[in-house]
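Chemist: Contents of work_20.txt (compact mmCIF, C-alpha atoms and all ligand atoms):
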```txt
# COMPACT_ATOMS: atom_id res chain seq x y z
CA MET A 1 84.36 64.36 66.94
CA ASP A 2 82.11 65.70 69.72
CA LEU A 3 84.52 66.95 72.45
CA TRP A 4 83.27 68.26 75.78
CA PHE A 5 84.91 70.07 78.71
CA THR A 6 83.60 69.52 82.22
CA GLU A 7 84.59 71.52 85.28
CA LYS A 8 84.01 69.34 88.29
CA GLN A 9 82.54 71.99 90.59
CA LEU A 10 81.70 69.58 93.42
CA PRO A 11 82.51 65.88 93.75
CA THR A 12 79.02 65.18 92.36
CA VAL A 13 78.36 68.24 90.15
CA GLY A 14 79.93 69.44 86.91
CA LEU A 15 79.43 72.19 84.33
CA SER A 16 79.91 70.89 80.79
CA CYS A 17 80.07 72.51 77.39
CA ARG A 18 81.12 71.57 73.88
CA VAL A 19 84.73 72.30 72.88
CA VAL A 20 84.98 73.60 69.33
CA ARG A 21 88.79 73.96 69.40
CA THR A 22 91.65 73.68 71.87
CA LEU A 23 93.76 76.82 71.51
CA GLU A 24 96.38 76.25 74.22
CA VAL A 25 97.26 73.63 76.80
CA ARG A 26 100.35 73.84 79.00
CA GLN A 27 101.74 73.42 82.47
CA THR A 28 103.17 76.67 83.82
CA ALA A 29 105.43 76.95 86.87
CA TYR A 30 102.27 77.52 88.94
CA GLN A 31 99.29 75.79 87.32
CA HIS A 32 97.81 73.82 84.45
CA LEU A 33 96.52 76.28 81.84
CA ALA A 34 94.10 75.75 78.95
CA VAL A 35 92.36 78.05 76.48
CA LEU A 36 89.35 76.49 74.80
CA GLU A 37 86.95 77.71 72.14
CA THR A 38 83.58 76.52 73.46
CA GLU A 39 79.87 76.58 72.73
CA PRO A 40 78.00 78.57 73.85
CA TRP A 41 80.52 80.57 75.91
CA GLY A 42 83.17 81.33 73.31
CA ARG A 43 86.84 81.42 74.38
CA MET A 44 87.40 80.18 77.91
CA LEU A 45 90.44 80.35 80.23
CA VAL A 46 90.80 77.30 82.48
CA LEU A 47 93.37 77.04 85.30
CA ASP A 48 93.83 73.72 87.11
CA GLY A 49 90.54 72.53 85.59
CA MET A 50 88.58 75.55 86.88
CA ILE A 51 86.94 78.13 84.60
CA GLN A 52 88.49 81.57 85.15
CA LEU A 53 86.66 83.49 82.46
CA THR A 54 84.63 83.12 79.29
CA VAL A 55 84.22 85.92 76.78
CA ALA A 56 80.43 85.53 77.08
CA ASP A 57 79.99 86.35 80.77
CA GLU A 58 83.26 87.88 82.05
CA PHE A 59 81.72 91.36 81.96
CA VAL A 60 79.52 90.70 84.99
CA TYR A 61 82.38 89.60 87.25
CA HIS A 62 84.87 92.25 86.12
CA GLU A 63 82.41 95.15 86.21
CA MET A 64 81.18 94.21 89.68
CA LEU A 65 84.65 93.61 91.13
CA ALA A 66 86.00 96.95 89.86
CA HIS A 67 83.17 99.50 89.76
CA VAL A 68 81.58 98.86 93.16
CA PRO A 69 84.68 99.97 95.14
CA LEU A 70 85.82 102.57 92.59
CA VAL A 71 82.43 104.29 92.44
CA ALA A 72 82.04 104.04 96.26
CA HIS A 73 85.48 105.67 96.65
CA GLY A 74 84.84 108.33 94.01
CA GLN A 75 88.42 109.61 93.66
CA ALA A 76 90.80 106.64 93.56
CA ARG A 77 94.12 107.54 91.97
CA ARG A 78 96.21 104.42 92.64
CA VAL A 79 94.65 100.97 92.29
CA LEU A 80 96.14 97.51 92.87
CA VAL A 81 94.77 94.35 91.25
CA VAL A 82 96.06 91.14 92.87
CA GLY A 83 95.88 88.16 90.48
CA GLY A 84 93.72 89.10 87.49
CA GLY A 85 96.37 88.27 84.85
CA ASP A 86 93.66 88.10 82.15
CA GLY A 87 93.36 91.91 82.35
CA GLY A 88 89.55 92.05 82.65
CA THR A 89 89.56 93.85 86.01
CA VAL A 90 92.27 96.28 84.88
CA ARG A 91 90.19 97.07 81.77
CA GLU A 92 87.30 98.12 84.02
CA VAL A 93 89.53 100.15 86.37
CA LEU A 94 90.86 102.10 83.37
CA ARG A 95 87.34 103.34 82.59
CA HIS A 96 87.76 105.71 85.57
CA PRO A 97 89.53 108.86 84.39
CA GLU A 98 90.52 109.78 87.96
CA VAL A 99 92.75 106.66 88.15
CA GLU A 100 96.38 107.57 87.45
CA GLU A 101 98.00 104.15 87.93
CA VAL A 102 96.85 100.52 88.05
CA VAL A 103 99.36 97.95 89.29
CA LEU A 104 98.71 94.31 88.35
CA ALA A 105 100.37 91.94 90.84
CA GLU A 106 100.02 88.58 89.06
CA ILE A 107 102.14 85.62 90.12
CA ASP A 108 102.12 83.75 86.80
CA PRO A 109 103.62 85.59 83.79
CA GLU A 110 102.34 82.85 81.46
CA VAL A 111 98.72 83.75 82.28
CA VAL A 112 99.41 87.32 81.15
CA GLU A 113 101.26 86.22 78.00
CA VAL A 114 98.60 83.66 76.98
CA CYS A 115 95.74 86.10 77.63
CA GLN A 116 97.46 88.81 75.59
CA ARG A 117 97.42 86.39 72.65
CA HIS A 118 93.98 84.79 73.08
CA PHE A 119 91.86 87.34 74.98
CA PRO A 120 92.41 90.80 73.46
CA GLU A 121 89.01 91.87 74.83
CA THR A 122 90.37 91.66 78.39
CA ALA A 123 94.17 91.80 78.01
CA ALA A 124 94.77 94.46 75.33
CA CYS A 125 94.39 97.11 78.05
CA LEU A 126 97.58 95.87 79.72
CA ASP A 127 99.53 97.99 77.19
CA ASP A 128 97.88 101.16 78.51
CA PRO A 129 100.48 103.63 79.89
CA ARG A 130 98.59 103.83 83.19
CA VAL A 131 99.16 100.07 83.80
CA ARG A 132 102.23 98.66 85.55
CA LEU A 133 102.84 94.91 85.64
CA ALA A 134 104.34 93.64 88.89
CA ILE A 135 104.91 89.95 88.22
CA GLY A 136 105.21 88.15 91.56
CA ASP A 137 103.29 87.06 94.61
CA GLY A 138 100.54 89.55 95.45
CA ILE A 139 100.91 88.77 99.16
CA ALA A 140 104.52 90.00 99.15
CA HIS A 141 103.63 93.00 96.96
CA VAL A 142 100.95 94.15 99.39
CA ALA A 143 103.27 93.68 102.40
CA GLU A 144 105.99 95.74 100.69
CA HIS A 145 103.71 98.72 99.83
CA PRO A 146 102.29 100.33 102.97
CA ASP A 147 100.09 103.43 102.56
CA THR A 148 100.16 103.22 98.75
CA TYR A 149 96.77 102.37 97.23
CA ASP A 150 93.28 103.88 97.27
CA VAL A 151 91.60 100.65 96.14
CA ILE A 152 92.82 97.02 96.23
CA LEU A 153 90.97 94.41 94.14
CA VAL A 154 91.69 90.74 94.82
CA ASP A 155 90.95 88.90 91.55
CA SER A 156 92.29 85.53 92.60
CA THR A 157 91.93 81.92 91.64
CA GLU A 158 90.06 79.60 93.98
CA PRO A 159 91.75 79.13 97.38
CA VAL A 160 94.25 76.48 96.27
CA GLY A 161 98.05 76.64 95.91
CA LYS A 162 99.51 80.16 95.89
CA ALA A 163 96.05 81.71 96.26
CA VAL A 164 95.33 80.19 99.72
CA GLY A 165 96.98 83.10 101.54
CA LEU A 166 94.80 85.62 99.67
CA PHE A 167 91.80 84.45 101.73
CA GLY A 168 93.24 84.95 105.23
CA GLU A 169 93.31 87.51 107.99
CA SER A 170 97.02 88.31 107.75
CA PHE A 171 96.62 89.20 104.07
CA TYR A 172 93.59 91.39 104.80
CA ALA A 173 95.54 93.12 107.61
CA SER A 174 98.37 93.70 105.15
CA CYS A 175 95.88 95.17 102.63
CA ARG A 176 94.67 97.52 105.34
CA GLN A 177 98.26 98.72 105.82
CA ALA A 178 98.70 99.12 102.04
CA LEU A 179 95.61 101.34 101.73
CA ARG A 180 95.73 105.11 101.99
CA PRO A 181 93.23 106.89 104.26
CA GLY A 182 89.67 106.43 102.96
CA GLY A 183 90.71 103.35 100.93
CA LEU A 184 88.67 100.26 100.10
CA MET A 185 89.39 96.65 99.26
CA VAL A 186 87.24 94.03 97.55
CA ALA A 187 88.01 90.32 97.18
CA GLN A 188 86.18 87.69 95.17
CA THR A 189 84.88 85.16 97.72
CA GLU A 190 83.33 82.31 95.71
CA SER A 191 79.79 80.87 95.78
CA PRO A 192 77.39 81.17 98.74
CA PHE A 193 75.81 77.86 97.67
CA TYR A 194 79.03 75.84 97.40
CA ASN A 195 81.49 77.71 99.66
CA PRO A 196 79.47 78.99 102.64
CA GLN A 197 82.18 78.16 105.17
CA LEU A 198 84.85 79.95 103.18
CA ILE A 199 82.65 83.07 102.98
CA ALA A 200 81.91 82.91 106.70
CA ARG A 201 85.65 82.58 107.45
CA CYS A 202 86.60 85.47 105.15
CA HIS A 203 83.88 87.61 106.76
CA VAL A 204 85.29 87.03 110.25
CA ALA A 205 88.87 87.59 108.99
CA MET A 206 88.04 90.82 107.14
CA ARG A 207 86.11 92.19 110.11
CA GLN A 208 89.05 91.40 112.35
CA ALA A 209 91.41 93.24 110.00
CA PHE A 210 89.20 96.25 109.16
CA GLY A 211 86.43 96.34 111.76
CA ASN A 212 83.92 95.98 108.90
CA ALA A 213 83.11 93.71 105.95
CA ARG A 214 80.22 93.84 103.48
CA LEU A 215 79.23 91.05 101.09
CA TYR A 216 77.60 91.64 97.72
CA LEU A 217 76.41 89.26 95.01
CA ALA A 218 76.24 88.97 91.22
CA PRO A 219 75.29 86.19 88.81
CA VAL A 220 78.13 84.63 86.81
CA PRO A 221 76.67 81.71 84.81
CA THR A 222 79.95 79.82 84.26
CA TYR A 223 81.17 80.04 87.88
CA PRO A 224 80.17 77.28 90.31
CA SER A 225 76.44 77.53 91.14
CA GLY A 226 76.10 80.68 89.00
CA LEU A 227 75.84 82.99 92.02
CA TRP A 228 79.08 84.75 93.00
CA SER A 229 80.12 86.76 96.04
CA PHE A 230 82.47 89.66 96.64
CA MET A 231 83.57 91.00 100.02
CA ALA A 232 84.37 94.65 100.63
CA ALA A 233 86.10 96.37 103.55
CA SER A 234 86.68 100.08 103.95
CA LEU A 235 88.73 102.68 105.81
CA GLY A 236 86.02 105.27 105.19
CA PRO A 237 83.36 105.25 102.46
CA ASP A 238 80.36 102.91 102.68
CA PRO A 239 81.06 100.35 99.90
CA SER A 240 77.32 99.94 99.22
CA VAL A 241 76.79 103.62 98.35
CA PRO A 242 77.79 105.04 94.95
CA ALA A 243 79.61 108.34 95.55
CA GLY A 244 79.31 111.57 93.57
CA GLU A 245 77.00 112.27 90.67
CA ALA A 246 75.58 109.71 88.23
CA GLY A 247 77.43 111.54 85.42
CA GLY A 248 80.78 110.51 86.92
CA THR A 249 79.97 106.78 86.60
CA PRO A 250 81.50 105.02 83.58
CA SER A 251 79.03 104.66 80.72
CA GLY A 252 78.57 101.83 78.23
CA LEU A 253 78.62 99.11 80.89
CA ARG A 254 76.61 95.91 80.48
CA TYR A 255 75.95 94.84 84.08
CA TYR A 256 76.99 97.55 86.57
CA SER A 257 74.78 100.55 87.20
CA ARG A 258 74.35 102.70 90.32
CA GLU A 259 71.03 100.91 90.96
CA VAL A 260 72.65 97.47 90.56
CA HIS A 261 75.45 98.65 92.90
CA ARG A 262 73.01 99.31 95.76
CA ALA A 263 70.88 96.25 95.00
CA ALA A 264 73.88 93.88 95.02
CA PHE A 265 74.28 94.46 98.78
CA VAL A 266 70.72 93.29 99.50
CA LEU A 267 71.32 89.73 100.69
CA PRO A 268 68.84 86.86 100.87
CA PRO A 269 68.22 85.37 104.33
CA PHE A 270 70.33 82.24 103.74
CA VAL A 271 73.37 84.43 102.98
CA HIS A 272 72.72 86.63 106.04
CA ALA A 273 72.55 83.45 108.08
CA LEU A 274 75.89 82.14 106.84
CA LEU A 275 77.53 85.50 107.67
CA GLN A 276 76.15 85.19 111.20
CA GLY A 277 77.60 81.70 111.51
CA GLU A 278 74.15 80.06 111.67
N1 LIG A 301 88.14 85.80 87.69
C1 LIG A 301 88.76 84.62 88.10
C2 LIG A 301 87.97 83.75 89.02
O1 LIG A 301 87.32 84.21 89.97
O2 LIG A 301 87.99 82.54 88.78
C3 LIG A 301 90.15 84.86 88.50
C4 LIG A 301 90.95 85.08 87.27
S1 LIG A 301 92.63 85.47 87.35
C5 LIG A 301 93.17 84.56 85.96
C6 LIG A 301 93.30 84.65 88.78
C7 LIG A 301 94.82 84.79 88.83
O3 LIG A 301 95.26 84.81 90.19
C8 LIG A 301 95.59 83.66 88.17
O4 LIG A 301 96.16 84.11 86.97
C9 LIG A 301 96.67 83.26 89.21
O5 LIG A 301 97.93 83.03 88.64
C10 LIG A 301 96.65 84.47 90.13
N2 LIG A 301 97.15 84.23 91.49
C11 LIG A 301 96.91 83.18 92.31
N3 LIG A 301 97.57 83.32 93.47
C12 LIG A 301 98.24 84.52 93.40
C13 LIG A 301 99.08 85.23 94.29
N4 LIG A 301 99.40 84.76 95.51
N5 LIG A 301 99.59 86.42 93.87
C14 LIG A 301 99.29 86.92 92.64
N6 LIG A 301 98.50 86.27 91.76
C15 LIG A 301 97.96 85.09 92.13
```
Please express what this file holds, its structure, as structure tokens.
Modeler:
Amino acid sequence: MDLWFTEKQLPTVGLSCRVVRTLEVRQTAYQHLAVLETEPWGRMLVLDGMIQLTVADEFVYHEMLAHVPLVAHGQARRVLVVGGGDGGTVREVLRHPEVEEVVLAEIDPEVVEVCQRHFPETAACLDDPRVRLAIGDGIAHVAEHPDTYDVILVDSTEPVGKAVGLFGESFYASCRQALRPGGLMVAQTESPFYNPQLIARCHVAMRQAFGNARLYLAPVPTYPSGLWSFMAASLGPDPSVPAGEAGGTPSGLRYYSREVHRAAFVLPPFVHALLQGE
């Protein structure tokens, strides 16, 4: 039988691929979860009908979410990942030897458990002694940990359900309080083609909380429109500038490099315009 999965990305647009096998389907306390073996993307994690990762292209998203702020900071010792229960972002953070502890604040323990079984390439790292799992709402975790982290990475689902609050000014202000001097935060902020208003709102909110906000872009083929955005705010270092020497940058990466880091902050005019509310 020829089975297909379609993510309805817009009311009139979908991304479809062939399903070779269904590995897991369940309703958790927070969301509908599926793990599919697909062609051509390989294993895929789907939450509430939306693709969260595929083994074929997750490296772009996870490398760009983690290495841009960590390399810009240069000496982060404590890092918080909010969401990110698949472990891909934590895996990238652990490539930095200066990091002593990574806390994963994921609301849904079933995402972690399912990913540990089906996605060893991203989730095996969660057994690393430098990783601490903090199962619970990331919003509460951030509020309860002032002056704690050097870098905060918001690896959230789309702004629905429990993730809505991760895209607002009060959460960004709370992140600012949770950062140590010279700290940075980055949040995934969806597609400039399909979510321009959300990006514009997050930009205003982050600037209100931090006094600055910088957007950068990367291609993620299985995310809506294929072009993804990340928003960075800082208490010191310029997020667009890789710190230190090239030798201190993790090696063996497939998308991130110091050149890609700088280039990702060069925005096309239509993205500049949406940040200026035009
Ligand atoms: N890379 C993905 C993307 O952009 O589509 C995100 C992947 S990760 C699986 C997203 C995680 O955020 C989910 O596992 C979800 O349970 C978690 N999440 C959503 N809201 C949260 C909250 N308020 N606190 C902590 N985790 C949250």
Chemist: Could you give me, as a PyMOL selection string, every polymer residue with an atom at most 7 Å away from an atom of ligand LIG 301 (chain A), counting all atoms listed in the file?
Modeler: chain A and resi 51-53+61+82-86+105-108+111+136-139+155-158+162-163+165-166+188
Chemist: When you count only C-alpha atoms, which of these residues is closest to Met50 of chain A: A:Leu275, A:Leu80, A:Leu10, A:Met64?
Modeler: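 For Met50 of chain A, the nearest of the candidates is A:Leu10.
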Chemist: Nearest to Pro269 of chain A among A:Pro219, A:Pro109, A:Gly244, A:Pro192, with distances taken over only C-alpha atoms: which residue is it?
Modeler: A:Pro192
Chemist: List as JSON, numbers by chain the protein and nucleic acid residues near segment 114-129 of chain A, meaning an atom at most 12 Å away when only C-alpha atoms are counted, but skip any in the same chain fewer than 4 places from it.
Modeler: {"A": [22, 23, 24, 25, 26, 28, 33, 34, 35, 36, 37, 42, 43, 44, 45, 46, 47, 52, 53, 54, 55, 56, 57, 58, 59, 62, 63, 81, 84, 85, 86, 87, 88, 89, 90, 91, 92, 93, 94, 95, 99, 100, 101, 102, 103, 104, 108, 109, 110, 133, 134]}
Chemist: Counting all atoms listed in the file, which of A:Ala76, A:Pro40, A:Pro181, A:Glu169 gets nearest to Pro97 of chain A?
Modeler: A:Ala76
Chemist: Work out how far apart atom CA of Ala264 of chain A and atom CA of Leu70 of chain A are and give it in Å to one decimal.
Modeler: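 Atom CA of Leu70 of chain A lies 15.0 Å from atom CA of Ala264 of chain A.
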Chemist: Name the residues, using the chain letters and numbers of the file, that sit within 12 Å of (81.0, 104.7, 106.3) when counting only C-alpha atoms, and give them as a list of chain:residue names.
Modeler: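 Output of the proximity query reads A:Ala72, A:His73, A:Gly182, A:Gly183, A:Leu184, A:Gly211, A:Asn212, A:Ala213, A:Arg214, A:Ala233, A:Ser234, A:Leu235, A:Gly236, A:Pro237, A:Asp238, A:Pro239, A:Ser240, A:Val241, A:Pro242, A:Ala243.
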Chemist: Which one of A:Ala232, A:Val68, A:Val19, A:Ala29 sits closest to Arg258 of chain A if you count all atoms listed in the file?
Modeler: A:Val68
Chemist: Env of Gln9 of chain A: 8 Å cut, atoms = only C-alpha atoms, seq-sep filter 4 positions within chain, self excluded. Answer as a PyMOL selection string.
Modeler: chain A and resi 13-15+50+224
Chemist: Which of these, A:Arg78, A:Arg207, A:His141, A:Arg254, has the shortest distance to Met231 of chain A once you count all atoms listed in the file?
Modeler: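 Ranking A:Arg78, A:Arg207, A:His141, A:Arg254 by distance to Met231 of chain A, first place goes to A:Arg207.
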Chemist: Given 6 Å on each side, where is the centre and what are the edge lengths in Å to one decimal of the axis-aligned box enclosing the listed atoms of segment 21-28 of chain A, as AutoDock Vina command-line options?
Modeler:
```
--center_x 96.0 --center_y 75.1 --center_z 76.6 --size_x 26.4 --size_y 15.4 --size_z 26.4
```
Chemist: How many Å lie between atom CA of Gly247 of chain A and atom CA of Phe265 of chain A, rounded to one decimal?
Modeler: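 Distance reported for this atom pair: 21.9 Å.
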Chemist: Could you tell me, as a list of chain:residue names, which residues have any atom at most 12 Å from (75.0, 85.9, 108.1), counting all atoms listed in the file?
Modeler: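 Residues with an atom at most 12 Å from (75.0, 85.9, 108.1): A:Pro192, A:Pro196, A:Gln197, A:Ile199, A:Ala200, A:Arg201, A:Cys202, A:His203, A:Val204, A:Ala213, A:Arg214, A:Leu215, A:Leu267, A:Pro268, A:Pro269, A:Phe270, A:Val271, A:His272, A:Ala273, A:Leu274, A:Leu275, A:Gln276, A:Gly277, A:Glu278.
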Chemist: Tell me, in Å to one decimal, how far atom CA of Val220 of chain A is from atom CA of Val60 of chain A.
Modeler: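 The value is 6.5 Å.
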Chemist: Restricting the calculation to all atoms listed in the file, which member of A:Ala143, A:Ala218, A:Leu227, A:Val131 is positioned closest to His261 of chain A?
Modeler: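 Once distances to His261 of chain A are computed over all atoms listed in the file, the minimum belongs to A:Ala218.
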Chemist: Could you rebuild segment 243-274 of chain A with N, CA and C atoms and give it back as a PDB file, in the frame of the given file?
Modeler:
```pdb
ATOM      1  N   ALA A 243      79.282 106.946  95.202  1.00  0.00           N
ATOM      2  CA  ALA A 243      79.610 108.340  95.550  1.00  0.00           C
ATOM      3  C   ALA A 243      79.393 109.257  94.359  1.00  0.00           C
ATOM      4  N   GLY A 244      79.331 110.552  94.630  1.00  0.00           N
ATOM      5  CA  GLY A 244      79.310 111.570  93.570  1.00  0.00           C
ATOM      6  C   GLY A 244      78.032 111.552  92.755  1.00  0.00           C
ATOM      7  N   GLU A 245      78.149 112.120  91.551  1.00  0.00           N
ATOM      8  CA  GLU A 245      77.000 112.270  90.670  1.00  0.00           C
ATOM      9  C   GLU A 245      76.949 111.105  89.682  1.00  0.00           C
ATOM     10  N   ALA A 246      75.737 110.795  89.200  1.00  0.00           N
ATOM     11  CA  ALA A 246      75.580 109.710  88.230  1.00  0.00           C
ATOM     12  C   ALA A 246      76.459 109.941  87.002  1.00  0.00           C
ATOM     13  N   GLY A 247      76.647 111.218  86.621  1.00  0.00           N
ATOM     14  CA  GLY A 247      77.430 111.540  85.420  1.00  0.00           C
ATOM     15  C   GLY A 247      78.878 111.092  85.515  1.00  0.00           C
ATOM     16  N   GLY A 248      79.387 110.916  86.749  1.00  0.00           N
ATOM     17  CA  GLY A 248      80.780 110.510  86.920  1.00  0.00           C
ATOM     18  C   GLY A 248      80.969 109.000  86.831  1.00  0.00           C
ATOM     19  N   THR A 249      79.878 108.246  86.666  1.00  0.00           N
ATOM     20  CA  THR A 249      79.970 106.780  86.600  1.00  0.00           C
ATOM     21  C   THR A 249      80.272 106.376  85.152  1.00  0.00           C
ATOM     22  N   PRO A 250      81.189 105.419  84.961  1.00  0.00           N
ATOM     23  CA  PRO A 250      81.500 105.020  83.580  1.00  0.00           C
ATOM     24  C   PRO A 250      80.234 104.633  82.821  1.00  0.00           C
ATOM     25  N   SER A 251      80.210 104.996  81.535  1.00  0.00           N
ATOM     26  CA  SER A 251      79.030 104.660  80.720  1.00  0.00           C
ATOM     27  C   SER A 251      79.363 103.461  79.828  1.00  0.00           C
ATOM     28  N   GLY A 252      78.353 102.933  79.171  1.00  0.00           N
ATOM     29  CA  GLY A 252      78.570 101.830  78.230  1.00  0.00           C
ATOM     30  C   GLY A 252      78.783 100.490  78.901  1.00  0.00           C
ATOM     31  N   LEU A 253      78.427 100.385  80.190  1.00  0.00           N
ATOM     32  CA  LEU A 253      78.620  99.110  80.890  1.00  0.00           C
ATOM     33  C   LEU A 253      77.443  98.174  80.608  1.00  0.00           C
ATOM     34  N   ARG A 254      77.660  96.878  80.818  1.00  0.00           N
ATOM     35  CA  ARG A 254      76.610  95.910  80.480  1.00  0.00           C
ATOM     36  C   ARG A 254      75.951  95.300  81.707  1.00  0.00           C
ATOM     37  N   TYR A 255      76.580  95.388  82.861  1.00  0.00           N
ATOM     38  CA  TYR A 255      75.950  94.840  84.080  1.00  0.00           C
ATOM     39  C   TYR A 255      75.869  95.909  85.181  1.00  0.00           C
ATOM     40  N   TYR A 256      76.974  96.585  85.463  1.00  0.00           N
ATOM     41  CA  TYR A 256      76.990  97.550  86.570  1.00  0.00           C
ATOM     42  C   TYR A 256      76.161  98.784  86.251  1.00  0.00           C
ATOM     43  N   SER A 257      75.377  99.216  87.219  1.00  0.00           N
ATOM     44  CA  SER A 257      74.780 100.550  87.200  1.00  0.00           C
ATOM     45  C   SER A 257      74.721 100.978  88.661  1.00  0.00           C
ATOM     46  N   ARG A 258      74.428 102.248  88.923  1.00  0.00           N
ATOM     47  CA  ARG A 258      74.350 102.700  90.320  1.00  0.00           C
ATOM     48  C   ARG A 258      73.215 101.989  91.059  1.00  0.00           C
ATOM     49  N   GLU A 259      72.151 101.645  90.337  1.00  0.00           N
ATOM     50  CA  GLU A 259      71.030 100.910  90.960  1.00  0.00           C
ATOM     51  C   GLU A 259      71.464  99.480  91.282  1.00  0.00           C
ATOM     52  N   VAL A 260      72.155  98.839  90.317  1.00  0.00           N
ATOM     53  CA  VAL A 260      72.650  97.470  90.560  1.00  0.00           C
ATOM     54  C   VAL A 260      73.637  97.472  91.726  1.00  0.00           C
ATOM     55  N   HIS A 261      74.460  98.512  91.808  1.00  0.00           N
ATOM     56  CA  HIS A 261      75.450  98.650  92.900  1.00  0.00           C
ATOM     57  C   HIS A 261      74.751  98.511  94.261  1.00  0.00           C
ATOM     58  N   ARG A 262      73.719  99.353  94.465  1.00  0.00           N
ATOM     59  CA  ARG A 262      73.010  99.310  95.760  1.00  0.00           C
ATOM     60  C   ARG A 262      72.317  97.970  95.952  1.00  0.00           C
ATOM     61  N   ALA A 263      71.671  97.486  94.889  1.00  0.00           N
ATOM     62  CA  ALA A 263      70.880  96.250  95.000  1.00  0.00           C
ATOM     63  C   ALA A 263      71.751  95.035  95.310  1.00  0.00           C
ATOM     64  N   ALA A 264      73.007  95.046  94.836  1.00  0.00           N
ATOM     65  CA  ALA A 264      73.880  93.880  95.020  1.00  0.00           C
ATOM     66  C   ALA A 264      74.169  93.603  96.490  1.00  0.00           C
ATOM     67  N   PHE A 265      74.013  94.642  97.342  1.00  0.00           N
ATOM     68  CA  PHE A 265      74.280  94.460  98.780  1.00  0.00           C
ATOM     69  C   PHE A 265      73.050  93.970  99.549  1.00  0.00           C
ATOM     70  N   VAL A 266      71.919  93.835  98.846  1.00  0.00           N
ATOM     71  CA  VAL A 266      70.720  93.290  99.500  1.00  0.00           C
ATOM     72  C   VAL A 266      70.832  91.764  99.463  1.00  0.00           C
ATOM     73  N   LEU A 267      71.004  91.166 100.635  1.00  0.00           N
ATOM     74  CA  LEU A 267      71.320  89.730 100.690  1.00  0.00           C
ATOM     75  C   LEU A 267      70.100  88.909 101.079  1.00  0.00           C
ATOM     76  N   PRO A 268      69.929  87.745 100.449  1.00  0.00           N
ATOM     77  CA  PRO A 268      68.840  86.860 100.870  1.00  0.00           C
ATOM     78  C   PRO A 268      69.112  86.270 102.256  1.00  0.00           C
ATOM     79  N   PRO A 269      68.040  85.852 102.953  1.00  0.00           N
ATOM     80  CA  PRO A 269      68.220  85.370 104.330  1.00  0.00           C
ATOM     81  C   PRO A 269      69.253  84.248 104.487  1.00  0.00           C
ATOM     82  N   PHE A 270      69.375  83.334 103.514  1.00  0.00           N
ATOM     83  CA  PHE A 270      70.330  82.240 103.740  1.00  0.00           C
ATOM     84  C   PHE A 270      71.767  82.759 103.716  1.00  0.00           C
ATOM     85  N   VAL A 271      72.015  83.853 102.998  1.00  0.00           N
ATOM     86  CA  VAL A 271      73.370  84.430 102.980  1.00  0.00           C
ATOM     87  C   VAL A 271      73.618  85.223 104.273  1.00  0.00           C
ATOM     88  N   HIS A 272      72.607  85.974 104.728  1.00  0.00           N
ATOM     89  CA  HIS A 272      72.720  86.630 106.040  1.00  0.00           C
ATOM     90  C   HIS A 272      73.065  85.607 107.105  1.00  0.00           C
ATOM     91  N   ALA A 273      72.363  84.485 107.054  1.00  0.00           N
ATOM     92  CA  ALA A 273      72.550  83.450 108.080  1.00  0.00           C
ATOM     93  C   ALA A 273      73.980  82.920 108.056  1.00  0.00           C
ATOM     94  N   LEU A 274      74.530  82.707 106.874  1.00  0.00           N
ATOM     95  CA  LEU A 274      75.890  82.140 106.840  1.00  0.00           C
ATOM     96  C   LEU A 274      76.913  83.168 107.344  1.00  0.00           C
TER      97      LEU A 274
END
```
